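Some notes on the structure that comes next.
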Protein chains: 2
Amino acid sequence: MNKWYEKSGNYSDVVISTRIRLARNISKYPFPCRLTSKMKKEVINEIDRALSKPEFEEYNFSCINVWEASLAEIKSLIECHLVSPEFVKADKNKAAFISQNCDISVMVNEEDHIRLQVMKEGLDLNETYNLADKIDRKLDESLMFAFNEQLGYLTQCPTNLGTGMRASVMLHLPALRRCEMIEKISSSLIKLGLTMRGLYGEGSEPKGDIYQISNQVTLGISEKTALKNLNDITIQIISQERKCRKELAKNIQTIDAICRSVGILKTAKILNSEDFMRLISNVRLGLSIGIIKGISYDKINEITINTQPFMLMKASNSELSAMERDQKRASLINEKMSTVEIL
Amino acid sequence: MNKWYEKSGNYSDVVISTRIRLARNISKYPFPCRLTSKMKKEVINEIDRALSKPEFEEYNFSCINVWEASLAEIKSLIECHLVSPEFVKADKNKAAFISQNCDISVMVNEEDHIRLQVMKEGLDLNETYNLADKIDRKLDESLMFAFNEQLGYLTQCPTNLGTGMRASVMLHLPALRRCEMIEKISSSLIKLGLTMRGLYGEGSEPKGDIYQISNQVTLGISEKTALKNLNDITIQIISQERKCRKELAKNIQTIDAICRSVGILKTAKILNSEDFMRLISNVRLGLSIGIIKGISYDKINEITINTQPFMLMKASNSELSAMERDQKRASLINEKMSTVEIL
C-alpha cells in the first residue's frame with residue numbers, strides 16, 4: 001500500500017498534497033492544559049480503545065507513545081507531516097495513531113485531546129475532507145466530542161472554535177517565487193481569510209519553494225464554504241504559477257539552473273538538506289516545463305521525504321552525524337536521479 | 001598534424017606544456033623602440049625571406065600581420081600561447097610567423113626583433129630547447145644576430161641579455177593550491193632564480209590552478225645549466241603536487257567538488273570562462289587521483305584552449321556576445337564531457 005507521498009494526484013505539477021486537520025475534545029475531560037499526567041494517559045487509552053473497534057480495522061492504526069519513542073522516531077513523523085512540530089515539545093504524555101498507509105494520523109494531547117489529520121496527494125479537498133469527516137463521526141460516537149450548538153466544536157484555543165477544521169494545500173511555487181510574487185499573494189490571502197506558510201507549518205521557512213496555504217477562519221463558516229474558498233483560490237494560484245512557468249521556460253538562466261541542478265544531484269557526494277531542497281525544486285520545475293524527463297512528481301515527493309534527516313536515520317537504523325547524513329542523502333539521490341535525462 | 005595542446009607528454013598529470021623563448025635582434029638594425037614604421041616593415045620582410053628558405057619548409061610557417069589581422073584573430077593566438085599579450089599592444093608594425101602544428105612561433109617587433117618560441121606538450125625542456133636552438137642557428141645564418149662575446153645575445157631589455165632565453169613550464173597545481181603551498185613555493189623559487197606566474201604570463205592571475213614557472217637569470221649562466229635548474233625544480237614540484245593529491249584523494253569534500261564539477265560541466269547551459277576554468281581544474285584533478293575516467297589530459301588541454309573566448313569566435317567565424325560565448329562554451333563542453341564517468 002503506497003503512502004500519500006509515493007503517489008501523485010490532481011494538479012501534481014503544482015500541488016504536492018492536501019491536508020485536513022480537525023481539532024476535537026472529549027466532553028467529559030478538561031482541555032489538555034488542565035489535565036494531569038494520569039488523566040492524559042486515560043485520554044490516550046480511551047482513544048486507543050475507540051480506534052481499536054472493528055470499524056477502524058481497515059486503517060490498521062499503529063500507536064506511537066511519545067514517552068517511549070525515540071526522538072528520531074517522532075522527528076521522522078514530523079518530516080512525513082504526520083505529526084506537528086509542536087507534538088514533540090514539552091509534556092511527553094502524548095501519543096499518535098498512524099494509519100498503515102500514512103494518510104491518517106490522530107495526535108492525542110497536542111493542543112487538543114484529538115487532532116485528526118488526513119492527507120492526500122495532489123489537490124483533493126473534498127475527498128480528503130470526506131475521509132476525515134467519516135472518521136470524525138465514528139470517533140464521536142464512542143468518545144462524545146465537546147460541541148455547542150452556538151459555537152460548534154469546542155477547542156482549547158479559541159482560534160479553532162467552530163469547525164475546528166484547518167484545511168491546507170502544499171504547493172510548489174518556484175516560478176512565483178522567482179517572479180517575486182509570493183509576498184503579494186501572501187498579503188492578498190490574508191484578506192481572504194487564508195494564510196501562507198513554509199513547508200513545516202507555522203513560523204517555518206519555505207524550503208525548496210514549497211508553501212502551505214490554509215484557512216484561518218473556523219467560526220461562522222461551514223466546512224463546505226471554507227473548503228470551496230480554499231479550493232477556488234488554490235486553482236487561481238495554480239494558474240498563476242503555470243503562467244509564470246511558461247515565461248521562465250524561455251529563460252536561458254532558468255534552464256541553465258535546472259540543468260546544473262540535475263548534474264549536481266546526479267554526481268554530488270555530499271548534499272546537505274538545504275542544498276538538496278533548492279536543487280530538487282529546480283528539478284521539479286524542469287519536469288513541469290519539459291526540460292527534463294525520466295522522473296515523476298511522486299518520485300520527487302518520495303525522495304524529498306525519504307532524505308529528510310530523521311527519515312535517513314530511521315532507514316539506516318542508527319544515529320548519523322550531519323556529514324554521514326549528507327553522504328547518505330547524496331548517494332540515495334545519485335541513484336534516484338540516474339534515470340533523469342535533459343531534453 | 002596535431003597541435004601541442006592536442007597531445008599529452010611526460011608528467012602530463014601535472015605538466016601541461018614546456019616552452020622555450022629566445023630573444024634575438026638583427027645586428028644591422030637598431031632595437032625595435034628605435035625603429036621607424038618603415039624600418040619595422042623591413043625587419044618583418046627580412047625575417048619573412050629567411051623563413052621562406054627551403055630549410056624551413058617542413059614547418060610550413062604562415063604569417064599574421066598585426067596591421068591586417070582582426071583583433072579576434074590575434075587574441076586567439078594569445079589564447080593558444082602562440083604570441084604574448086604584449087604583442088597586441090601599441091604599435092601595429094608587428095607580425096607573427098606560426099608553424100603549421102602551432103609548436104613554433106616567431107614574433108617580430110615585439111620587445112625585440114625576434115621572439116622565437118617553441119612549445120611542446122608535457123615536460124620536455126631538452127627537446128624543446130633543441131628545436132628552438134636548431135631554428136635559431138638557421139635564422140642566425142641569414143639574419144646575423146646581435147651578439148657580444150662578453151654579454152652574449154644583445155636584447156632591448158637588459159634582463160634578457162646573455163642567453164636571451166626564457167624557458168618555462170606550465171603546471172597544474174590544484175593540490176598545492178588547496179594545501180596553501182603556492183605562496184611558499186613561489187617565494188623559494190625566487191631565491192633559486194626562477195619565477196612563478198599565472199596562466200598568461202607576467203602579471204596574469206592563475207586561472208584553473210595553472211601556473212607558469214620560468215627562469216629569470218639569463219646572464220652568466222649557460223642555457224644548459226638554466227634548463228637543468230628548471231627541470232630539477234619542476235620535478236621536485238611535481239612530486240610535491242602528487243604527494244598532496246594523494247592526501248586530497250582521501251578527502252570527501254574534494255571528491256564531492258570533483259564529482260559536482262563533472263555534473264555541472266555535463267549539464268550547464270551557460271558557462272563563463274572563469275567558472276569553466278575552476279571546474280575543469282577539478283576534472284583534471286579527478287582524473288589524476290582516479291575518481292573519474294573517460295577523458296584524457298590532452299582532451300582536457302584541447303577543450304581548455306578551444307573554449308577560450310576568441311577561439312570560440314574564431315571557430316564560429318563571427319562576433320559573439322559574452323552570453324553567446326557562454327552558451328557555445330557550455331554546449332561544446334557538454335559534448336566533450338559526455339564520455340566522462342565517475343568511478
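Ligands are numbered from 1 in the order shown, chains are lettered A, B, ... in the order of the C-alpha cells, and residues start at 1 in each chain.
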* Extract, using only C-alpha atoms, all DNA, RNA and protein residues at most 10 Å from stretch 289-303 of chain A, discarding same-chain residues fewer than 2 positions from it, and format them as a ChimeraX atom specification. => /A:3-9,12-17,80,121-122,242,245-250,255,258-259,262,280-281,283-287,305-308,329,332-333,336-343
Show me, as a compact mmCIF listing (two decimals) with N, CA and C atoms, in the first residue's frame, the residues of chain B whose atoms get within 7 Å of chain A, using only C-alpha atoms for the distance check.
# COMPACT_ATOMS: atom_id res chain seq x y z
N ASP B 256 33.71 15.26 -3.55
CA ASP B 256 32.41 15.88 -3.83
C ASP B 256 32.57 17.02 -4.85
N CYS B 259 33.24 15.55 -8.32
CA CYS B 259 32.05 14.92 -8.92
C CYS B 259 31.02 15.97 -9.33
N ARG B 260 30.81 16.97 -8.48
CA ARG B 260 29.88 18.05 -8.85
C ARG B 260 30.37 18.78 -10.10
N GLY B 263 29.39 16.86 -12.99
CA GLY B 263 27.95 17.03 -13.19
C GLY B 263 27.60 18.35 -13.84
N ILE B 264 28.22 19.41 -13.38
CA ILE B 264 27.91 20.74 -13.92
C ILE B 264 28.40 20.85 -15.35
N LYS B 266 28.79 18.60 -17.51
CA LYS B 266 27.97 17.75 -18.40
C LYS B 266 26.63 18.41 -18.72
N THR B 267 26.16 19.29 -17.84
CA THR B 267 24.76 19.74 -17.95
C THR B 267 24.55 21.24 -18.15
N ALA B 268 25.48 22.07 -17.68
CA ALA B 268 25.26 23.54 -17.70
C ALA B 268 24.95 24.03 -19.11
N LYS B 269 24.08 25.01 -19.19
CA LYS B 269 23.74 25.59 -20.50
C LYS B 269 24.40 26.95 -20.69
N ILE B 270 24.95 27.49 -19.62
CA ILE B 270 25.72 28.73 -19.67
C ILE B 270 26.97 28.49 -18.84
* Asked: A:Met119: which residues within 12 Å, counting only C-alpha atoms, same-chain residues fewer than 5 positions away excluded, as a ChimeraX atom specification?
  -> /A:3-5,7,9,16-22,80-83,98-99,101-106,124-132,166-170
* Asked: atom CA of A:Asn65 to atom CA of A:Ile135: how many Å, to one decimal?
  ->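 Calculated distance between atom CA of A:Asn65 and atom CA of A:Ile135 is 20.9 Å.
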* **Two-atom distance - atom CA of A:Gln117, atom CA of A:Ser84 (Å)** => 10.2 Å
* Between B:Leu219, B:Leu279, B:Ile190, B:Leu176, which is the closest to B:Lys207 once you count only C-alpha atoms? -> B:Leu279
* Quick one, how far is atom CA of B:Ser70 from atom CA of B:Ile44? ->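 Those two atoms sit 18.5 Å apart.
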Could you give me the residues within stretch 59-120 of chain A that DSSP places in strand (DSSP E), as a short mmCIF file (atom, residue, chain, number, x, y, z; two decimals) with C-alpha atoms, in the first residue's frame?
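Dumped everything to out_24.cif:
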data_model
loop_
_atom_site.label_atom_id
_atom_site.label_comp_id
_atom_site.auth_asym_id
_atom_site.auth_seq_id
_atom_site.Cartn_x
_atom_site.Cartn_y
_atom_site.Cartn_z
CA SER A 62 -0.35 1.80 14.97
CA CYS A 63 0.32 3.79 18.13
CA ILE A 64 3.45 5.77 18.97
CA ASN A 65 3.74 6.92 22.59
CA ALA A 95 0.53 9.65 21.51
CA ALA A 96 -0.06 9.44 17.79
CA PHE A 97 -2.08 6.82 15.96
CA ILE A 98 -0.93 6.44 12.37
CA ILE A 104 -4.49 9.33 8.59
CA SER A 105 -2.98 10.36 11.89
CA VAL A 106 -4.59 11.02 15.22
CA MET A 107 -2.48 13.12 17.56
CA VAL A 108 -3.55 12.86 21.17
CA ILE A 114 -7.54 14.97 19.38
CA ARG A 115 -6.01 16.37 16.27
CA LEU A 116 -7.30 14.17 13.47
CA GLN A 117 -5.41 14.61 10.24
CA VAL A 118 -5.97 13.20 6.78
CA MET A 119 -3.51 13.76 3.95
CA LYS A 120 -3.80 13.05 0.24
#
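Ranking B:Leu194, B:Met311, B:Leu77, B:Val43 by their shortest atom-to-atom distance to B:Asn93, with only C-alpha atoms included, puts B:Val43 first.
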* To do: Please identify all polymer residues within 8 Å of stretch 143-149 of chain A, counting only C-alpha atoms, omitting same-chain residues fewer than 4 positions from it, and present them as a VMD selection string.
  => chain A and resid 24 to 28 46 to 47 50 139 153 to 154
So that I have them on file, write out the residues from the current selection with N, CA, C and O atoms, as an mmCIF file, in the first residue's frame.
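Contents of part-v1.cif, as written:
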data_model
loop_
_atom_site.group_PDB
_atom_site.id
_atom_site.type_symbol
_atom_site.label_atom_id
_atom_site.label_comp_id
_atom_site.auth_asym_id
_atom_site.auth_seq_id
_atom_site.Cartn_x
_atom_site.Cartn_y
_atom_site.Cartn_z
ATOM 1 N N ARG A 24 -10.514 18.245 18.022
ATOM 2 C CA ARG A 24 -11.658 17.734 18.782
ATOM 3 C C ARG A 24 -11.267 17.493 20.240
ATOM 4 O O ARG A 24 -10.104 17.184 20.529
ATOM 5 N N ASN A 25 -12.257 17.623 21.107
ATOM 6 C CA ASN A 25 -12.013 17.336 22.519
ATOM 7 C C ASN A 25 -13.146 16.475 23.066
ATOM 8 O O ASN A 25 -14.301 16.599 22.638
ATOM 9 N N ILE A 26 -12.769 15.591 23.986
ATOM 10 C CA ILE A 26 -13.754 14.677 24.577
ATOM 11 C C ILE A 26 -14.481 15.438 25.686
ATOM 12 O O ILE A 26 -13.824 16.023 26.566
ATOM 13 N N SER A 27 -15.793 15.427 25.621
ATOM 14 C CA SER A 27 -16.539 16.347 26.512
ATOM 15 C C SER A 27 -16.331 16.061 27.999
ATOM 16 O O SER A 27 -16.326 16.969 28.811
ATOM 17 N N LYS A 28 -16.119 14.810 28.346
ATOM 18 C CA LYS A 28 -16.022 14.505 29.789
ATOM 19 C C LYS A 28 -14.656 14.827 30.412
ATOM 20 O O LYS A 28 -14.490 14.701 31.615
ATOM 21 N N GLU A 46 -8.543 5.890 26.145
ATOM 22 C CA GLU A 46 -9.917 5.985 25.589
ATOM 23 C C GLU A 46 -9.861 5.983 24.063
ATOM 24 O O GLU A 46 -10.632 5.296 23.389
ATOM 25 N N ILE A 47 -8.958 6.776 23.557
ATOM 26 C CA ILE A 47 -8.872 6.905 22.098
ATOM 27 C C ILE A 47 -8.349 5.612 21.482
ATOM 28 O O ILE A 47 -8.814 5.167 20.434
ATOM 29 N N ALA A 50 -11.158 3.311 21.255
ATOM 30 C CA ALA A 50 -12.070 3.697 20.163
ATOM 31 C C ALA A 50 -11.511 3.269 18.808
ATOM 32 O O ALA A 50 -12.228 2.720 17.969
ATOM 33 N N LEU A 139 -15.589 8.366 15.527
ATOM 34 C CA LEU A 139 -14.941 8.604 16.825
ATOM 35 C C LEU A 139 -15.911 9.302 17.775
ATOM 36 O O LEU A 139 -15.967 9.003 18.973
ATOM 37 N N TYR A 153 -17.668 23.041 17.563
ATOM 38 C CA TYR A 153 -16.723 22.231 18.342
ATOM 39 C C TYR A 153 -15.921 23.131 19.266
ATOM 40 O O TYR A 153 -15.452 24.202 18.852
ATOM 41 N N LEU A 154 -15.794 22.696 20.508
ATOM 42 C CA LEU A 154 -15.049 23.486 21.496
ATOM 43 C C LEU A 154 -13.582 23.063 21.466
ATOM 44 O O LEU A 154 -13.269 21.873 21.473
#
* Near B:Arg177, within 10 Å and counting only C-alpha atoms, which residues show up once chain neighbours fewer than 4 positions away are dropped, as a PyMOL selection string? -> chain B and resi 172-173+181-183+209-210+241+244
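With only C-alpha atoms as the basis for measurement, B:Gln100 is the residue among B:Ser37, B:Met196, B:Asp91, B:Gln100 that approaches B:Tyr59 most closely.
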